[in-house]
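Visitor: Dropping in final20.txt, which is compact mmCIF, C-alpha atoms:
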# COMPACT_ATOMS: atom_id res chain seq x y z
CA MET A 1 -22.13 35.38 115.52
CA ILE A 2 -19.87 35.49 112.49
CA ILE A 3 -22.78 36.77 110.39
CA ALA A 4 -23.14 39.78 112.72
CA TYR A 5 -19.48 40.68 112.18
CA ALA A 6 -19.84 40.23 108.41
CA ILE A 7 -22.92 42.48 108.34
CA THR A 8 -21.10 45.17 110.34
CA PHE A 9 -18.18 45.01 107.91
CA ALA A 10 -20.45 45.21 104.86
CA MET A 11 -22.37 48.13 106.37
CA GLY A 12 -19.07 49.95 106.86
CA CYS A 13 -18.17 49.26 103.22
CA PHE A 14 -21.49 50.59 101.93
CA ALA A 15 -21.29 53.66 104.21
CA LEU A 16 -17.85 54.43 102.76
CA ALA A 17 -19.27 53.91 99.26
CA LEU A 18 -22.07 56.39 100.06
CA ALA A 19 -19.48 58.95 101.17
CA MET A 20 -17.59 58.43 97.88
CA ASN A 21 -20.83 58.94 95.94
CA LEU A 22 -21.45 62.21 97.80
CA TRP A 23 -17.93 63.32 96.90
CA ARG A 24 -18.62 62.39 93.26
CA ILE A 25 -21.85 64.44 93.26
CA ALA A 26 -19.93 67.45 94.58
CA THR A 27 -17.04 67.15 92.08
CA ALA A 28 -18.59 65.52 89.01
CA PRO A 29 -17.06 66.72 85.69
CA THR A 30 -20.18 66.12 83.55
CA ILE A 31 -23.91 65.93 84.23
CA ALA A 32 -24.07 62.22 83.27
CA ASP A 33 -21.57 61.49 86.07
CA ARG A 34 -23.75 63.34 88.53
CA ILE A 35 -26.87 61.37 87.56
CA LEU A 36 -24.85 58.15 87.81
CA ALA A 37 -23.66 59.11 91.30
CA VAL A 38 -27.25 59.71 92.49
CA ASP A 39 -28.34 56.38 90.98
CA THR A 40 -25.49 54.53 92.71
CA MET A 41 -26.35 56.31 95.93
CA THR A 42 -29.89 54.92 95.95
CA VAL A 43 -28.57 51.41 95.28
CA ASN A 44 -26.08 51.71 98.14
CA ALA A 45 -28.81 53.06 100.43
CA ILE A 46 -30.93 50.00 99.61
CA ALA A 47 -28.04 47.70 100.53
CA LEU A 48 -27.47 49.58 103.79
CA LEU A 49 -31.17 49.37 104.70
CA MET A 50 -31.42 45.65 103.93
CA LEU A 51 -28.27 44.81 105.88
CA TYR A 52 -29.60 46.81 108.83
CA GLY A 53 -32.85 44.86 108.60
CA ALA A 54 -30.92 41.57 108.57
CA GLN A 55 -28.92 42.70 111.61
CA ILE A 56 -31.89 43.63 113.80
CA GLY A 57 -34.01 40.78 112.36
CA ASP A 58 -36.84 43.08 111.29
CA ILE A 59 -38.63 42.91 107.94
CA ALA A 60 -40.10 46.42 108.22
CA VAL A 61 -37.22 47.80 106.12
CA PHE A 62 -38.48 46.04 102.98
CA GLU A 63 -41.00 48.72 102.08
CA PRO A 64 -38.63 51.70 102.28
CA SER A 65 -36.11 49.68 100.24
CA MET A 66 -38.71 49.04 97.55
CA LEU A 67 -39.58 52.75 97.53
CA PHE A 68 -35.89 53.64 97.20
CA ALA A 69 -35.49 51.21 94.30
CA MET A 70 -38.51 52.52 92.40
CA THR A 71 -38.00 56.26 92.94
CA GLY A 72 -34.27 55.97 92.24
CA PHE A 73 -34.81 54.23 88.93
CA ILE A 74 -37.64 56.55 87.84
CA ALA A 75 -35.64 59.66 88.83
CA THR A 76 -32.64 58.47 86.77
CA VAL A 77 -34.71 57.68 83.69
CA ALA A 78 -36.73 60.90 83.97
CA TYR A 79 -33.63 63.08 84.24
CA CYS A 80 -31.94 61.34 81.29
CA LYS A 81 -35.11 61.62 79.24
CA TYR A 82 -35.37 65.32 80.09
CA LEU A 83 -31.79 65.93 78.95
CA LEU A 84 -32.24 63.92 75.75
CA ARG A 85 -35.63 65.15 74.58
CA GLY A 86 -36.40 68.32 76.55
CA SER A 87 -39.54 66.73 77.98
CA ILE A 88 -40.27 63.60 79.99
CA ILE A 89 -43.69 62.51 78.67
CA GLU A 90 -44.16 63.27 74.99
CA MET B 1 -21.42 21.40 111.77
CA MET B 2 -23.70 21.90 108.79
CA TYR B 3 -25.13 25.01 110.42
CA THR B 4 -21.66 26.50 110.97
CA LEU B 5 -20.75 25.84 107.35
CA LEU B 6 -23.89 27.60 106.13
CA GLU B 7 -23.16 30.53 108.43
CA LEU B 8 -19.65 30.77 107.01
CA VAL B 9 -20.95 30.77 103.43
CA ILE B 10 -23.51 33.49 104.20
CA ALA B 11 -20.93 35.61 106.02
CA GLY B 12 -18.54 35.23 103.08
CA LEU B 13 -21.26 36.32 100.64
CA ILE B 14 -22.10 39.38 102.74
CA VAL B 15 -18.42 40.40 103.01
CA MET B 16 -18.03 39.90 99.25
CA GLY B 17 -21.07 42.08 98.60
CA GLY B 18 -19.68 44.87 100.76
CA LEU B 19 -16.32 44.73 98.98
CA PHE B 20 -17.97 44.79 95.53
CA GLY B 21 -20.06 47.81 96.53
CA LEU B 22 -16.93 49.59 97.73
CA VAL B 23 -15.08 48.76 94.49
CA GLY B 24 -18.00 50.08 92.44
CA SER B 25 -17.98 53.49 94.11
CA TRP B 26 -14.17 53.61 94.13
CA GLY B 27 -14.12 52.90 90.40
CA MET B 28 -16.58 55.73 89.81
CA LEU B 29 -14.05 58.07 91.40
CA ARG B 30 -10.90 56.61 89.84
CA LEU B 31 -11.63 55.74 86.22
CA ARG B 32 -10.58 58.32 83.60
CA ASP B 33 -13.36 58.60 81.02
CA SER B 34 -17.09 59.17 81.45
CA MET B 35 -17.92 55.95 79.56
CA GLN B 36 -15.39 54.02 81.67
CA ARG B 37 -16.91 55.45 84.84
CA LEU B 38 -20.26 54.03 83.76
CA HIS B 39 -18.88 50.50 84.12
CA ALA B 40 -18.02 50.45 87.82
CA PRO B 41 -21.36 51.38 89.46
CA THR B 42 -23.56 49.57 86.97
CA LYS B 43 -21.73 46.24 87.21
CA ALA B 44 -19.74 46.04 90.44
CA THR B 45 -22.30 47.80 92.64
CA THR B 46 -25.18 45.79 91.18
CA ILE B 47 -23.48 42.47 91.86
CA GLY B 48 -22.40 43.67 95.33
CA VAL B 49 -25.92 44.67 96.33
CA GLY B 50 -27.36 41.54 94.75
CA THR B 51 -24.95 39.29 96.68
CA ALA B 52 -25.65 41.04 99.98
CA LEU B 53 -29.41 40.87 99.42
CA ILE B 54 -29.37 37.17 98.48
CA ALA B 55 -27.19 36.39 101.51
CA SER B 56 -29.47 38.24 103.94
CA ASN B 57 -32.44 36.49 102.32
CA ALA B 58 -30.77 33.11 102.90
CA GLU B 59 -30.01 34.09 106.49
CA LEU B 60 -33.67 34.96 107.10
CA PHE B 61 -34.69 31.64 105.51
CA ILE B 62 -32.35 29.59 107.70
CA LEU B 63 -32.86 31.42 110.98
CA GLU B 64 -36.59 32.06 110.80
CA GLY B 65 -37.71 29.46 108.26
CA ARG B 66 -39.63 31.82 105.99
CA PHE B 67 -38.81 32.88 102.46
CA ALA B 68 -38.97 36.66 102.10
CA TRP B 69 -40.62 37.29 98.73
CA GLU B 70 -40.40 41.06 99.23
CA GLU B 71 -36.63 40.91 99.43
CA PHE B 72 -36.47 38.69 96.36
CA THR B 73 -38.65 41.24 94.53
CA ILE B 74 -36.25 44.06 95.39
CA THR B 75 -33.27 42.02 94.15
CA ALA B 76 -35.01 41.20 90.89
CA PHE B 77 -36.07 44.83 90.43
CA LEU B 78 -32.51 46.08 90.92
CA PHE B 79 -31.12 43.52 88.46
CA LEU B 80 -33.74 44.52 85.90
CA THR B 81 -33.37 48.30 86.21
CA ALA B 82 -29.56 48.62 86.39
CA PRO B 83 -28.98 47.96 82.65
CA LEU B 84 -31.84 50.30 81.71
CA SER B 85 -30.47 53.26 83.66
CA ALA B 86 -26.98 52.48 82.30
CA MET B 87 -28.36 52.62 78.77
CA MET B 88 -30.07 55.97 79.43
CA LEU B 89 -26.85 57.42 80.89
CA ALA B 90 -24.85 56.16 77.89
CA LYS B 91 -27.35 57.87 75.57
CA VAL B 92 -26.96 61.15 77.48
CA HIS B 93 -23.18 60.87 77.21
CA LEU B 94 -23.41 60.08 73.49
CA TRP B 95 -25.71 63.02 72.84
CA GLN B 96 -23.55 65.47 74.77
CA ASN B 97 -20.14 64.46 73.43
CA THR B 98 -20.56 63.01 69.93
CA SER B 99 -21.79 64.57 66.71
CA SER B 100 -24.35 62.63 64.68
CA LEU B 101 -22.12 63.22 61.64
CA SER B 102 -19.43 60.94 63.08
CA VAL B 103 -21.63 57.80 63.13
CA PRO B 104 -23.01 55.93 60.09
CA LYS B 105 -26.56 56.66 58.98
CA PRO B 106 -29.24 54.14 59.98
CA MET B 107 -30.93 52.14 57.24
CA GLY B 108 -34.16 53.41 55.68
CA GLY B 109 -33.30 57.11 55.63
CA ASP B 110 -34.29 57.78 59.25
CA SER B 111 -32.15 59.63 61.78
CA TRP B 112 -30.93 58.36 65.14
CA GLY B 113 -33.34 58.99 68.00
CA VAL B 114 -30.54 60.17 70.30
CA TRP B 115 -29.88 63.24 68.13
CA ALA B 116 -33.51 64.16 67.57
CA LYS B 117 -32.97 67.59 69.14
CA GLY B 118 -29.88 68.53 67.11
CA GLN B 119 -26.41 67.44 66.07
CA THR B 120 -24.80 67.80 69.49
CA ALA B 121 -25.74 69.58 72.70
CA GLY B 122 -23.91 72.72 71.61
CA GLU B 123 -25.39 72.78 68.09
CA ALA B 124 -28.87 72.18 69.43
CA ALA B 125 -28.47 75.18 71.72
CA ALA B 126 -27.19 77.26 68.77
CA ASN B 127 -30.13 76.20 66.55
CA ASP B 128 -32.74 76.84 69.23
CA PRO B 129 -34.49 80.10 68.30
CA SER B 130 -35.81 80.87 71.79
Would you mind writing the file's structure down as structure tokens?

Guide:
Amino acid sequence: MIIAYAITFAMGCFALALAMNLWRIATAPTIADRILAVDTMTVNAIALLMLYGAQIGDIAVFEPSMLFAMTGFIATVAYCKYLLRGSIIE
Amino acid sequence: MMYTLLELVIAGLIVMGGLFGLVGSWGMLRLRDSMQRLHAPTKATTIGVGTALIASNAELFILEGRFAWEEFTITAFLFLTAPLSAMMLAKVHLWQNTSSLSVPKPMGGDSWGVWAKGQTAGEAAANDPS
């Protein structure tokens, strides 16, 4: 019972964090800040998905979370690499 | 009694994770400098998500009696990749805002890999013939 309340609270926190990340993407001063905001957004989306899975007691959310983790990391590294070197695979 | 105590601990961990995630995104909005802003999401958000994931894993283990390896894999993956993406972002910031002339030369006569394209972002654009 108390866990359900805690999960609802944490989901609210992460939803608010996602809204802040969206605001950061819209108003970022430099391009590194914008990449960082997208990276944080994927991490927060993973947390939201896993908490939702814990709330409904379903383990089907694991695979989309894994996909989010992998594509988020690879997108961040690829964009940074592109900015640094002008190409991703040399 | 034991069960209630475990429930309380898991609920506390989940609430803590949510608060850490909120602080991470709030810090990304509030801190002044680009390098300072790198701190909040890479540390606070990572520990917030990790705490929430470990707590929900423990909940699944207690309620259903099975250990979710998939969830553990995701937690480990996030903890492994967060420092790597932070390092890449720091390199981008260094390349865009610092000249290679303001740092000491590396040993052996090589040049730093970060500035392989040019001195700074602006100078590289000026030197680019195309």

Visitor: When distances are computed from all atoms listed in the file, which of A:Leu67, A:Val77, A:Ile25, A:Ile88 shows the smallest separation from chain B?

Guide: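 Using all atoms listed in the file, chain B sits closest to A:Val77.
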
Visitor: Considering all atoms listed in the file, return as a CSV table (one decimal) with C-alpha atoms, keeping the file's coordinate frame whatever protein or nucleic-acid residues lie within 12 Å of A:Ala4, sequence-local ones (same chain, fewer than 4 positions apart) excluded.

Guide:
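Okay, selection-v5.csv is ready:
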chain,number,residue,atom,x,y,z
A,8,THR,CA,-21.1,45.2,110.3
A,9,PHE,CA,-18.2,45.0,107.9
A,10,ALA,CA,-20.4,45.2,104.9
A,11,MET,CA,-22.4,48.1,106.4
A,51,LEU,CA,-28.3,44.8,105.9
A,52,TYR,CA,-29.6,46.8,108.8
A,53,GLY,CA,-32.8,44.9,108.6
A,54,ALA,CA,-30.9,41.6,108.6
A,55,GLN,CA,-28.9,42.7,111.6
A,56,ILE,CA,-31.9,43.6,113.8
A,57,GLY,CA,-34.0,40.8,112.4
B,7,GLU,CA,-23.2,30.5,108.4
B,8,LEU,CA,-19.6,30.8,107.0
B,10,ILE,CA,-23.5,33.5,104.2
B,11,ALA,CA,-20.9,35.6,106.0
B,12,GLY,CA,-18.5,35.2,103.1
B,14,ILE,CA,-22.1,39.4,102.7
B,15,VAL,CA,-18.4,40.4,103.0
B,56,SER,CA,-29.5,38.2,103.9
B,59,GLU,CA,-30.0,34.1,106.5

Visitor: What's the 12 Å shell around B:Phe77, counting only C-alpha atoms, without same-chain residues fewer than 6 positions away, as a compact mmCIF listing (two decimals) with C-alpha atoms, in the frame of the given file?

Guide:
# COMPACT_ATOMS: atom_id res chain seq x y z
CA VAL A 43 -28.57 51.41 95.28
CA ILE A 46 -30.93 50.00 99.61
CA SER A 65 -36.11 49.68 100.24
CA MET A 66 -38.71 49.04 97.55
CA LEU A 67 -39.58 52.75 97.53
CA PHE A 68 -35.89 53.64 97.20
CA ALA A 69 -35.49 51.21 94.30
CA MET A 70 -38.51 52.52 92.40
CA THR A 71 -38.00 56.26 92.94
CA GLY A 72 -34.27 55.97 92.24
CA PHE A 73 -34.81 54.23 88.93
CA THR B 46 -25.18 45.79 91.18
CA VAL B 49 -25.92 44.67 96.33
CA GLY B 50 -27.36 41.54 94.75
CA LEU B 53 -29.41 40.87 99.42
CA GLU B 70 -40.40 41.06 99.23
CA GLU B 71 -36.63 40.91 99.43
CA PRO B 83 -28.98 47.96 82.65
CA LEU B 84 -31.84 50.30 81.71

Visitor: Quick check: residues of chain A within 7 Å of chain B, all atoms listed in the file, returned as a list in words.

Guide: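 Using all atoms listed in the file, chain A residues at most 7 Å from chain B: Ile2, Ile3, Ala6, Ile7, Phe9, Ala10, Cys13, Phe14, Ala17, Met20, Asn21, Arg24, Ala32, Asp33, Thr40, Ala47, Met50, Leu51, Ala54, Phe62, Met66, Ala69, Phe73, Thr76, Val77, Cys80, Leu83, Leu84 and Arg85 of chain A.
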
Visitor: Rounded to one decimal, what separation in Å do you get between atom CA of B:Arg66 and atom CA of A:Asp58?

Guide: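 Atom-to-atom, atom CA of B:Arg66 and atom CA of A:Asp58 are spaced 12.8 Å apart.
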
Visitor: Please, what distance in Å, to one decimal, runs between atom CA of A:Asn44 and atom CA of A:Leu18?

Guide: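 Atom CA of A:Asn44 sits 6.5 Å away from atom CA of A:Leu18.
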
Visitor: What is the distance between atom CA of A:Glu63 and atom CA of B:Ala76, in Å to one decimal?

Guide: 14.8 Å

Visitor: Need to verify the contact set: A:Ile89, 10 Å, only C-alpha atoms, exclusion of same-chain residues closer than 6 positions in sequence. Can you return it as a VMD selection string?

Guide: chain A and resid 78 81 to 82

Visitor: Using all atoms listed in the file, pick whichever of A:Ile31, A:Ala26, A:Leu36, A:Leu49 has the shortest atom-to-atom distance to B:His39.

Guide: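 Closest candidate: A:Leu36.
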